[in-house]
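S.K.: What follows is the file structure29.txt, containing compact mmCIF, N, CA and C atoms:
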```
# COMPACT_ATOMS: atom_id res chain seq x y z
N MET A 29 11.42 -59.68 -30.22
CA MET A 29 12.26 -59.07 -29.22
C MET A 29 12.29 -59.98 -27.99
N GLN A 30 13.44 -60.09 -27.42
CA GLN A 30 13.60 -60.96 -26.27
C GLN A 30 13.48 -60.16 -24.99
N ILE A 31 13.20 -60.87 -23.93
CA ILE A 31 13.01 -60.23 -22.62
C ILE A 31 14.33 -59.60 -22.16
N GLY A 32 15.44 -60.18 -22.49
CA GLY A 32 16.73 -59.62 -22.09
C GLY A 32 16.97 -58.26 -22.72
N ASN A 33 16.58 -58.12 -23.98
CA ASN A 33 16.74 -56.82 -24.65
C ASN A 33 15.82 -55.76 -24.03
N ILE A 34 14.63 -56.15 -23.67
CA ILE A 34 13.68 -55.21 -23.06
C ILE A 34 14.20 -54.75 -21.70
N LEU A 35 14.70 -55.69 -20.91
CA LEU A 35 15.22 -55.33 -19.59
C LEU A 35 16.43 -54.41 -19.73
N GLN A 36 17.26 -54.67 -20.75
CA GLN A 36 18.44 -53.82 -20.95
C GLN A 36 18.01 -52.39 -21.33
N GLN A 37 16.97 -52.22 -22.15
CA GLN A 37 16.49 -50.89 -22.54
C GLN A 37 15.91 -50.14 -21.33
N ILE A 38 15.23 -50.86 -20.48
CA ILE A 38 14.63 -50.22 -19.31
C ILE A 38 15.72 -49.76 -18.35
N GLN A 39 16.77 -50.54 -18.20
CA GLN A 39 17.82 -50.20 -17.25
C GLN A 39 18.72 -49.07 -17.75
N THR A 40 18.87 -48.90 -19.05
CA THR A 40 19.71 -47.82 -19.55
C THR A 40 18.90 -46.52 -19.55
N PRO A 41 19.51 -45.44 -19.05
CA PRO A 41 18.77 -44.18 -18.99
C PRO A 41 18.66 -43.54 -20.37
N THR A 42 17.54 -43.78 -21.04
CA THR A 42 17.31 -43.19 -22.35
C THR A 42 16.27 -42.06 -22.28
N PHE A 43 15.75 -41.80 -21.11
CA PHE A 43 14.73 -40.76 -20.96
C PHE A 43 15.32 -39.56 -20.22
N LYS A 44 14.88 -38.40 -20.60
CA LYS A 44 15.37 -37.17 -19.98
C LYS A 44 14.16 -36.32 -19.58
N TYR A 45 14.21 -35.74 -18.38
CA TYR A 45 13.11 -34.89 -17.90
C TYR A 45 13.45 -33.43 -18.15
N GLU A 46 12.54 -32.71 -18.77
CA GLU A 46 12.71 -31.27 -18.98
C GLU A 46 11.63 -30.55 -18.16
N PRO A 47 12.05 -29.61 -17.31
CA PRO A 47 11.06 -28.91 -16.47
C PRO A 47 10.18 -27.99 -17.32
N PRO A 48 8.98 -27.70 -16.82
CA PRO A 48 8.08 -26.82 -17.57
C PRO A 48 8.56 -25.36 -17.52
N GLU A 49 8.14 -24.58 -18.50
CA GLU A 49 8.42 -23.15 -18.52
C GLU A 49 7.14 -22.41 -18.15
N MET A 50 7.28 -21.46 -17.22
CA MET A 50 6.10 -20.72 -16.78
C MET A 50 6.34 -19.23 -17.02
N ASP A 51 5.33 -18.58 -17.62
CA ASP A 51 5.39 -17.14 -17.91
C ASP A 51 4.19 -16.48 -17.22
N ILE A 52 4.47 -15.52 -16.33
CA ILE A 52 3.40 -14.83 -15.60
C ILE A 52 3.45 -13.35 -15.97
N ARG A 53 2.32 -12.83 -16.46
CA ARG A 53 2.20 -11.41 -16.78
C ARG A 53 1.12 -10.81 -15.87
N THR A 54 1.48 -9.70 -15.24
CA THR A 54 0.53 -9.02 -14.35
C THR A 54 0.33 -7.58 -14.82
N ARG A 55 -0.84 -7.04 -14.46
CA ARG A 55 -1.15 -5.63 -14.71
C ARG A 55 -1.48 -4.99 -13.38
N SER A 56 -1.07 -3.76 -13.21
CA SER A 56 -1.37 -3.04 -11.97
C SER A 56 -2.87 -2.75 -11.90
N ALA A 57 -3.36 -2.70 -10.68
CA ALA A 57 -4.78 -2.37 -10.48
C ALA A 57 -5.01 -0.90 -10.81
N GLU A 58 -6.22 -0.58 -11.25
CA GLU A 58 -6.59 0.80 -11.57
C GLU A 58 -7.55 1.30 -10.51
N LEU A 59 -7.32 2.51 -10.04
CA LEU A 59 -8.15 3.12 -9.02
C LEU A 59 -8.60 4.48 -9.52
N ASP A 60 -9.92 4.70 -9.54
CA ASP A 60 -10.46 5.97 -9.99
C ASP A 60 -11.44 6.47 -8.94
N ALA A 61 -11.18 7.65 -8.38
CA ALA A 61 -12.04 8.23 -7.35
C ALA A 61 -12.78 9.43 -7.94
N ASP A 62 -14.11 9.42 -7.81
CA ASP A 62 -14.93 10.51 -8.33
C ASP A 62 -15.43 11.35 -7.15
N TRP A 63 -14.88 12.56 -7.03
CA TRP A 63 -15.21 13.47 -5.92
C TRP A 63 -16.25 14.51 -6.32
N ASP A 64 -16.76 14.45 -7.52
CA ASP A 64 -17.64 15.50 -8.03
C ASP A 64 -18.86 15.74 -7.14
N ALA A 65 -19.50 14.68 -6.65
CA ALA A 65 -20.70 14.84 -5.82
C ALA A 65 -20.38 15.59 -4.52
N ILE A 66 -19.24 15.29 -3.91
CA ILE A 66 -18.87 15.95 -2.66
C ILE A 66 -18.52 17.41 -2.91
N TRP A 67 -17.71 17.68 -3.96
CA TRP A 67 -17.35 19.07 -4.27
C TRP A 67 -18.60 19.88 -4.58
N GLU A 68 -19.54 19.28 -5.30
CA GLU A 68 -20.76 20.00 -5.67
C GLU A 68 -21.58 20.32 -4.42
N GLU A 69 -21.67 19.34 -3.50
CA GLU A 69 -22.44 19.56 -2.27
C GLU A 69 -21.81 20.64 -1.40
N LEU A 70 -20.48 20.69 -1.37
CA LEU A 70 -19.79 21.70 -0.57
C LEU A 70 -19.74 23.06 -1.26
N GLY A 71 -20.14 23.09 -2.52
CA GLY A 71 -20.16 24.35 -3.25
C GLY A 71 -18.84 24.70 -3.89
N VAL A 72 -17.95 23.74 -4.01
CA VAL A 72 -16.67 23.97 -4.66
C VAL A 72 -16.85 23.72 -6.15
N LEU A 73 -16.54 24.72 -6.94
CA LEU A 73 -16.74 24.64 -8.38
C LEU A 73 -15.44 24.25 -9.08
N PRO A 74 -15.56 23.73 -10.31
CA PRO A 74 -14.34 23.52 -11.10
C PRO A 74 -13.65 24.86 -11.34
N SER A 75 -12.36 24.85 -11.64
CA SER A 75 -11.57 26.08 -11.69
C SER A 75 -12.12 27.11 -12.69
N SER A 76 -12.59 26.69 -13.86
CA SER A 76 -13.10 27.66 -14.84
C SER A 76 -14.39 28.31 -14.34
N ALA A 77 -15.29 27.51 -13.77
CA ALA A 77 -16.54 28.07 -13.24
C ALA A 77 -16.26 28.93 -12.02
N PHE A 78 -15.27 28.54 -11.21
CA PHE A 78 -14.91 29.32 -10.03
C PHE A 78 -14.38 30.69 -10.42
N MET A 79 -13.51 30.75 -11.42
CA MET A 79 -12.96 32.03 -11.88
C MET A 79 -14.06 32.92 -12.44
N LYS A 80 -14.99 32.34 -13.17
CA LYS A 80 -16.09 33.13 -13.74
C LYS A 80 -16.96 33.70 -12.63
N SER A 81 -17.32 32.85 -11.63
CA SER A 81 -18.16 33.35 -10.54
C SER A 81 -17.41 34.38 -9.69
N LEU A 82 -16.10 34.21 -9.54
CA LEU A 82 -15.30 35.17 -8.78
C LEU A 82 -15.27 36.53 -9.47
N SER A 83 -15.12 36.53 -10.80
CA SER A 83 -15.09 37.81 -11.51
C SER A 83 -16.46 38.47 -11.49
N GLU A 84 -17.53 37.68 -11.62
CA GLU A 84 -18.89 38.24 -11.55
C GLU A 84 -19.16 38.83 -10.16
N GLU A 85 -18.70 38.13 -9.12
CA GLU A 85 -18.90 38.62 -7.76
C GLU A 85 -18.10 39.91 -7.52
N SER A 86 -16.90 39.98 -8.07
CA SER A 86 -16.08 41.19 -7.91
C SER A 86 -16.74 42.39 -8.57
N VAL A 87 -17.29 42.19 -9.76
CA VAL A 87 -17.99 43.28 -10.45
C VAL A 87 -19.21 43.71 -9.65
N ARG A 88 -19.96 42.74 -9.13
CA ARG A 88 -21.16 43.06 -8.35
C ARG A 88 -20.80 43.83 -7.09
N LYS A 89 -19.73 43.40 -6.39
CA LYS A 89 -19.32 44.11 -5.17
C LYS A 89 -18.85 45.52 -5.49
N GLY A 90 -18.15 45.69 -6.60
CA GLY A 90 -17.69 47.02 -7.00
C GLY A 90 -18.86 47.94 -7.28
N LEU A 91 -19.85 47.44 -8.00
CA LEU A 91 -21.04 48.25 -8.30
C LEU A 91 -21.82 48.58 -7.02
N ASP A 92 -21.92 47.61 -6.10
CA ASP A 92 -22.61 47.87 -4.83
C ASP A 92 -21.88 48.95 -4.03
N ALA A 93 -20.55 48.91 -4.03
CA ALA A 93 -19.76 49.91 -3.29
C ALA A 93 -19.96 51.30 -3.88
N ILE A 94 -19.99 51.39 -5.23
CA ILE A 94 -20.23 52.69 -5.88
C ILE A 94 -21.61 53.21 -5.54
N GLN A 95 -22.60 52.32 -5.57
CA GLN A 95 -23.97 52.72 -5.24
C GLN A 95 -24.05 53.22 -3.80
N GLN A 96 -23.39 52.51 -2.86
CA GLN A 96 -23.44 52.90 -1.46
C GLN A 96 -22.78 54.26 -1.24
N ARG A 97 -21.66 54.52 -1.92
CA ARG A 97 -20.98 55.82 -1.79
C ARG A 97 -21.86 56.94 -2.34
N ALA A 98 -22.53 56.67 -3.43
CA ALA A 98 -23.41 57.71 -3.99
C ALA A 98 -24.57 58.01 -3.04
N GLN A 99 -25.14 56.97 -2.45
CA GLN A 99 -26.24 57.18 -1.51
C GLN A 99 -25.74 57.94 -0.26
N ASP A 100 -24.54 57.56 0.22
CA ASP A 100 -23.99 58.27 1.37
C ASP A 100 -23.76 59.75 1.04
N GLY A 101 -23.29 60.02 -0.18
CA GLY A 101 -23.08 61.41 -0.60
C GLY A 101 -24.38 62.18 -0.65
N ASP A 102 -25.43 61.54 -1.18
CA ASP A 102 -26.74 62.20 -1.22
C ASP A 102 -27.24 62.48 0.20
N ARG A 103 -27.05 61.53 1.09
CA ARG A 103 -27.52 61.72 2.46
C ARG A 103 -26.71 62.80 3.17
N MET A 104 -25.40 62.87 2.89
CA MET A 104 -24.58 63.91 3.50
C MET A 104 -25.02 65.30 3.02
N GLY A 105 -25.50 65.36 1.81
CA GLY A 105 -26.01 66.64 1.29
C GLY A 105 -27.22 67.11 2.05
N ASN A 106 -27.92 66.17 2.69
CA ASN A 106 -29.12 66.52 3.44
C ASN A 106 -28.82 66.80 4.91
N ILE A 107 -27.54 66.85 5.30
CA ILE A 107 -27.20 67.16 6.69
C ILE A 107 -27.71 68.54 7.07
N ALA A 108 -27.69 69.45 6.12
CA ALA A 108 -28.15 70.82 6.40
C ALA A 108 -29.61 70.82 6.81
N LYS A 109 -30.35 69.84 6.28
CA LYS A 109 -31.78 69.76 6.64
C LYS A 109 -31.97 69.06 7.99
N GLY A 110 -30.89 68.46 8.52
CA GLY A 110 -30.97 67.86 9.85
C GLY A 110 -31.53 66.46 9.87
N LYS A 111 -31.65 65.79 8.73
CA LYS A 111 -32.25 64.45 8.72
C LYS A 111 -31.24 63.37 9.11
N VAL A 112 -29.96 63.55 8.83
CA VAL A 112 -28.96 62.53 9.11
C VAL A 112 -27.67 63.22 9.56
N THR A 113 -26.93 62.51 10.41
CA THR A 113 -25.64 63.06 10.86
C THR A 113 -24.52 62.17 10.32
N ALA A 114 -23.30 62.73 10.35
CA ALA A 114 -22.14 61.96 9.89
C ALA A 114 -21.92 60.75 10.78
N GLY A 115 -22.23 60.86 12.05
CA GLY A 115 -22.09 59.73 12.99
C GLY A 115 -23.02 58.58 12.63
N GLN A 116 -24.25 58.94 12.21
CA GLN A 116 -25.20 57.90 11.82
C GLN A 116 -24.70 57.16 10.58
N LEU A 117 -24.16 57.91 9.62
CA LEU A 117 -23.63 57.27 8.41
C LEU A 117 -22.47 56.33 8.74
N ALA A 118 -21.58 56.78 9.62
CA ALA A 118 -20.43 55.95 10.00
C ALA A 118 -20.91 54.69 10.72
N PHE A 119 -21.90 54.83 11.60
CA PHE A 119 -22.44 53.68 12.33
C PHE A 119 -23.09 52.70 11.37
N GLU A 120 -23.89 53.18 10.42
CA GLU A 120 -24.55 52.30 9.44
C GLU A 120 -23.52 51.58 8.58
N ARG A 121 -22.46 52.29 8.18
CA ARG A 121 -21.41 51.65 7.37
C ARG A 121 -20.72 50.56 8.19
N TYR A 122 -20.47 50.83 9.47
CA TYR A 122 -19.84 49.83 10.34
C TYR A 122 -20.72 48.59 10.47
N ILE A 123 -22.01 48.78 10.69
CA ILE A 123 -22.94 47.66 10.82
C ILE A 123 -23.01 46.87 9.52
N HIS A 124 -23.07 47.58 8.39
CA HIS A 124 -23.18 46.92 7.08
C HIS A 124 -21.91 46.12 6.76
N ASN A 125 -20.74 46.71 6.99
CA ASN A 125 -19.49 46.03 6.66
C ASN A 125 -19.06 45.03 7.73
N GLY A 126 -19.60 45.12 8.92
CA GLY A 126 -19.21 44.23 10.01
C GLY A 126 -19.96 42.91 10.02
N LYS A 127 -20.93 42.73 9.12
CA LYS A 127 -21.68 41.48 9.08
C LYS A 127 -20.78 40.35 8.62
N LYS A 128 -20.83 39.25 9.33
CA LYS A 128 -20.08 38.07 8.94
C LYS A 128 -21.02 36.88 8.97
N GLU A 129 -20.86 36.03 8.01
CA GLU A 129 -21.70 34.85 7.94
C GLU A 129 -20.85 33.63 8.29
N ILE A 130 -21.37 32.81 9.19
CA ILE A 130 -20.65 31.61 9.61
C ILE A 130 -21.52 30.41 9.26
N GLN A 131 -20.91 29.46 8.58
CA GLN A 131 -21.61 28.23 8.24
C GLN A 131 -20.88 27.06 8.87
N LEU A 132 -21.64 26.20 9.52
CA LEU A 132 -21.06 24.98 10.07
C LEU A 132 -21.38 23.85 9.10
N GLU A 133 -20.35 23.25 8.57
CA GLU A 133 -20.52 22.16 7.61
C GLU A 133 -20.31 20.84 8.32
N MET A 134 -21.16 19.89 8.03
CA MET A 134 -21.02 18.55 8.58
C MET A 134 -20.50 17.65 7.47
N LEU A 135 -20.46 16.38 7.74
CA LEU A 135 -20.02 15.42 6.74
C LEU A 135 -20.93 15.48 5.52
N PRO A 136 -20.39 15.25 4.35
CA PRO A 136 -21.22 15.29 3.14
C PRO A 136 -22.23 14.14 3.12
N LYS A 137 -23.31 14.36 2.39
CA LYS A 137 -24.35 13.34 2.27
C LYS A 137 -23.87 12.15 1.46
N PHE A 138 -23.02 12.41 0.49
CA PHE A 138 -22.56 11.36 -0.40
C PHE A 138 -21.09 11.09 -0.15
N GLY A 139 -20.70 9.85 -0.29
CA GLY A 139 -19.29 9.49 -0.16
C GLY A 139 -18.59 9.59 -1.50
N VAL A 140 -17.33 9.32 -1.47
CA VAL A 140 -16.54 9.33 -2.70
C VAL A 140 -16.86 8.06 -3.47
N SER A 141 -17.07 8.22 -4.75
CA SER A 141 -17.32 7.07 -5.61
C SER A 141 -15.97 6.54 -6.08
N ILE A 142 -15.64 5.32 -5.62
CA ILE A 142 -14.34 4.74 -5.95
C ILE A 142 -14.55 3.53 -6.84
N ASP A 143 -13.87 3.54 -7.97
CA ASP A 143 -13.94 2.43 -8.92
C ASP A 143 -12.58 1.75 -8.95
N VAL A 144 -12.54 0.49 -8.53
CA VAL A 144 -11.29 -0.26 -8.49
C VAL A 144 -11.40 -1.40 -9.49
N ARG A 145 -10.39 -1.50 -10.35
CA ARG A 145 -10.34 -2.61 -11.31
C ARG A 145 -9.08 -3.41 -11.04
N ILE A 146 -9.27 -4.67 -10.73
CA ILE A 146 -8.15 -5.56 -10.48
C ILE A 146 -8.11 -6.58 -11.60
N TYR A 147 -6.95 -6.76 -12.17
CA TYR A 147 -6.78 -7.68 -13.27
C TYR A 147 -6.10 -8.94 -12.78
N ALA A 148 -6.64 -10.08 -13.15
CA ALA A 148 -6.04 -11.36 -12.77
C ALA A 148 -4.74 -11.55 -13.55
N PRO A 149 -3.78 -12.22 -12.94
CA PRO A 149 -2.53 -12.46 -13.66
C PRO A 149 -2.77 -13.45 -14.81
N GLU A 150 -2.01 -13.27 -15.87
CA GLU A 150 -2.07 -14.20 -17.00
C GLU A 150 -0.92 -15.17 -16.84
N ILE A 151 -1.25 -16.44 -16.66
CA ILE A 151 -0.23 -17.47 -16.42
C ILE A 151 -0.24 -18.44 -17.60
N GLU A 152 0.94 -18.64 -18.17
CA GLU A 152 1.07 -19.57 -19.29
C GLU A 152 2.15 -20.59 -18.91
N VAL A 153 1.77 -21.87 -18.96
CA VAL A 153 2.70 -22.95 -18.60
C VAL A 153 2.93 -23.82 -19.83
N LYS A 154 4.18 -24.01 -20.19
CA LYS A 154 4.55 -24.89 -21.31
C LYS A 154 5.24 -26.13 -20.70
N THR A 155 4.52 -27.23 -20.74
CA THR A 155 5.08 -28.46 -20.17
C THR A 155 5.76 -29.27 -21.27
N LYS A 156 6.88 -29.86 -20.90
CA LYS A 156 7.61 -30.73 -21.82
C LYS A 156 7.64 -32.14 -21.26
N GLY A 157 7.80 -32.25 -19.94
CA GLY A 157 7.75 -33.54 -19.29
C GLY A 157 8.94 -34.42 -19.60
N VAL A 158 8.67 -35.70 -19.77
CA VAL A 158 9.72 -36.69 -20.04
C VAL A 158 9.92 -36.78 -21.53
N VAL A 159 11.17 -36.65 -21.96
CA VAL A 159 11.50 -36.68 -23.39
C VAL A 159 12.47 -37.84 -23.61
N ARG A 160 12.21 -38.61 -24.62
CA ARG A 160 13.10 -39.73 -24.94
C ARG A 160 14.30 -39.17 -25.73
N SER A 161 15.51 -39.48 -25.29
CA SER A 161 16.68 -38.97 -25.98
C SER A 161 17.19 -39.91 -27.02
```
The structure in this file should be written as structure tokens.
M.R.:
Amino acid sequence: MQIGNILQQIQTPTFKYEPPEMDIRTRSAELDADWDAIWEELGVLPSSAFMKSLSEESVRKGLDAIQQRAQDGDRMGNIAKGKVTAGQLAFERYIHNGKKEIQLEMLPKFGVSIDVRIYAPEIEVKTKGVVRS
């Protein structure tokens, strides 16, 4: 091969550049917050346990009310003996039913447990570069 032929090949554009192809796939981050410790500390139950405790409490309050009415009736029967008056019964019922409990709650001892998962993007690059035509 002669030098003239080599110079002619170099000067003629026989090469072509093809840009690379890039494919980027991403996934959204996942966030999971666990509030169970805080709800448990505050006394908030899951809905099924809450409904069960609510029905048990309703039955207990109903039975207590029946018991109190029966005792009041027995005591009213003894008014003739002079041991109790209707005013005393009304006052005792007012005191018993007027009790209110107040609780001051502060910040919970435990914070929310937060689990965050971040996924790195998947990047795929296909290079072709300079191609001889």
S.K.: Quick one: pull the distance between atom N of Val153 of chain A and atom N of Tyr45 of chain A, Å, one decimal.
M.R.: 18.6 Å
S.K.: Neighbouring residues of Ala65 of chain A were defined as those with any atom within 7 Å, considering only N, CA and C atoms; residues of the same chain fewer than 4 positions away were excluded. Please report them as a count of residues only.
M.R.: 4
S.K.: Between atom C of Met104 of chain A and atom N of Lys128 of chain A, what distance in Å does the model show, to one decimal?
M.R.: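 The value is 27.1 Å.
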S.K.: Go ahead and compute the interatomic distance for atom CA of Leu73 of chain A and atom CA of Glu85 of chain A, in Å to one decimal.
M.R.: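 Those two atoms sit 14.2 Å apart.
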S.K.: Which is closest to Glu58 of chain A among A:Gly115, A:Tyr147, A:Val140, A:Pro74, if we use all atoms listed in the file?
M.R.: A:Tyr147
S.K.: Using DSSP secondary structure from the backbone, list all alpha helix (DSSP H) positions within segment 31-118 of chain A, as an MDAnalysis selection string.
M.R.: chainID A and resid 31:39 64:70 75:105 114:118
S.K.: Need the neighbours of (-5.3, -5.5, -10.0): which residues are at most 8 Å away, counting all atoms listed in the file, as a list of chain:residue names?
M.R.: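 The requested residues, written out, are A:Thr54, A:Arg55, A:Ser56, A:Ala57, A:Glu58, A:Val144, A:Arg145, A:Ile146, A:Tyr147, A:Ala148, A:Pro149.
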S.K.: Report the residues of segment 29-122 of chain A whose backbone DSSP state falls under strand (DSSP E), written as a list in words.
M.R.: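 Selection result, strand (DSSP E) within segment 29-122 of chain A: Phe43, Lys44, Tyr45, Glu46, Glu49, Met50, Asp51, Ile52, Arg53, Glu58, Leu59, Asp60, Ala61 and Asp62 of chain A.
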S.K.: Would you pick out the contacts of Met50 of chain A at 7 Å or less, using only C-alpha atoms, so that residues sharing its chain but fewer than 2 positions from it are not included, and give the list as a compact mmCIF listing (two decimals) with N, CA and C atoms, in the coordinates of the input?
M.R.:
```
# COMPACT_ATOMS: atom_id res chain seq x y z
N PRO A 48 8.98 -27.70 -16.82
CA PRO A 48 8.08 -26.82 -17.57
C PRO A 48 8.56 -25.36 -17.52
N ILE A 52 4.47 -15.52 -16.33
CA ILE A 52 3.40 -14.83 -15.60
C ILE A 52 3.45 -13.35 -15.97
N GLU A 152 0.94 -18.64 -18.17
CA GLU A 152 1.07 -19.57 -19.29
C GLU A 152 2.15 -20.59 -18.91
N VAL A 153 1.77 -21.87 -18.96
CA VAL A 153 2.70 -22.95 -18.60
C VAL A 153 2.93 -23.82 -19.83
N LYS A 154 4.18 -24.01 -20.19
CA LYS A 154 4.55 -24.89 -21.31
C LYS A 154 5.24 -26.13 -20.70
```
S.K.: Considering only C-alpha atoms, return as a list of chain:residue names whatever protein or nucleic-acid residues lie within 12 Å of segment 92-98 of chain A, sequence-local ones (same chain, fewer than 4 positions apart) excluded.
M.R.: A:Glu85, A:Ser86, A:Val87, A:Arg88, A:Asp102, A:Arg103, A:Met104, A:Gly105, A:Leu117, A:Ala118, A:Glu120, A:Arg121, A:His124, A:Asn125
S.K.: Would you kindly return, as a CSV table (one decimal) with N, CA and C atoms, in the frame of the given file, each protein, DNA or RNA residue with an atom no farther than 6 Å from any atom of Asp60 of chain A, considering all atoms listed in the file and excluding same-chain residues fewer than 4 positions away?
M.R.:
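Now in part-v6.csv:
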```csv
chain,number,residue,atom,x,y,z
A,141,SER,N,-17.1,8.2,-4.8
A,141,SER,CA,-17.3,7.1,-5.6
A,141,SER,C,-16.0,6.5,-6.1
A,142,ILE,N,-15.6,5.3,-5.6
A,142,ILE,CA,-14.3,4.7,-6.0
A,142,ILE,C,-14.6,3.5,-6.8
A,143,ASP,N,-13.9,3.5,-8.0
A,143,ASP,CA,-13.9,2.4,-8.9
A,143,ASP,C,-12.6,1.8,-9.0
A,144,VAL,N,-12.5,0.5,-8.5
A,144,VAL,CA,-11.3,-0.3,-8.5
A,144,VAL,C,-11.4,-1.4,-9.5
```
S.K.: Mind listing as a PDB file with N, CA and C atoms, in the coordinates of the input all residues within 8 Å of (8.5, -32.8, -23.5), counting all atoms listed in the file?
M.R.:
```pdb
ATOM      1  N   LYS A  44      14.880 -38.400 -20.600  1.00  0.00           N
ATOM      2  CA  LYS A  44      15.370 -37.170 -19.980  1.00  0.00           C
ATOM      3  C   LYS A  44      14.160 -36.320 -19.580  1.00  0.00           C
ATOM      4  N   TYR A  45      14.210 -35.740 -18.380  1.00  0.00           N
ATOM      5  CA  TYR A  45      13.110 -34.890 -17.900  1.00  0.00           C
ATOM      6  C   TYR A  45      13.450 -33.430 -18.150  1.00  0.00           C
ATOM      7  N   GLU A  46      12.540 -32.710 -18.770  1.00  0.00           N
ATOM      8  CA  GLU A  46      12.710 -31.270 -18.980  1.00  0.00           C
ATOM      9  C   GLU A  46      11.630 -30.550 -18.160  1.00  0.00           C
ATOM     10  N   PRO A  47      12.050 -29.610 -17.310  1.00  0.00           N
ATOM     11  CA  PRO A  47      11.060 -28.910 -16.470  1.00  0.00           C
ATOM     12  C   PRO A  47      10.180 -27.990 -17.320  1.00  0.00           C
ATOM     13  N   LYS A 154       4.180 -24.010 -20.190  1.00  0.00           N
ATOM     14  CA  LYS A 154       4.550 -24.890 -21.310  1.00  0.00           C
ATOM     15  C   LYS A 154       5.240 -26.130 -20.700  1.00  0.00           C
ATOM     16  N   THR A 155       4.520 -27.230 -20.740  1.00  0.00           N
ATOM     17  CA  THR A 155       5.080 -28.460 -20.170  1.00  0.00           C
ATOM     18  C   THR A 155       5.760 -29.270 -21.270  1.00  0.00           C
ATOM     19  N   LYS A 156       6.880 -29.860 -20.900  1.00  0.00           N
ATOM     20  CA  LYS A 156       7.610 -30.730 -21.820  1.00  0.00           C
ATOM     21  C   LYS A 156       7.640 -32.140 -21.260  1.00  0.00           C
ATOM     22  N   GLY A 157       7.800 -32.250 -19.940  1.00  0.00           N
ATOM     23  CA  GLY A 157       7.750 -33.540 -19.290  1.00  0.00           C
ATOM     24  C   GLY A 157       8.940 -34.420 -19.600  1.00  0.00           C
ATOM     25  N   VAL A 158       8.670 -35.700 -19.770  1.00  0.00           N
ATOM     26  CA  VAL A 158       9.720 -36.690 -20.040  1.00  0.00           C
ATOM     27  C   VAL A 158       9.920 -36.780 -21.530  1.00  0.00           C
ATOM     28  N   VAL A 159      11.170 -36.650 -21.960  1.00  0.00           N
ATOM     29  CA  VAL A 159      11.500 -36.680 -23.390  1.00  0.00           C
ATOM     30  C   VAL A 159      12.470 -37.840 -23.610  1.00  0.00           C
ATOM     31  N   ARG A 160      12.210 -38.610 -24.620  1.00  0.00           N
ATOM     32  CA  ARG A 160      13.100 -39.730 -24.940  1.00  0.00           C
ATOM     33  C   ARG A 160      14.300 -39.170 -25.730  1.00  0.00           C
TER      34      ARG A 160
END
```
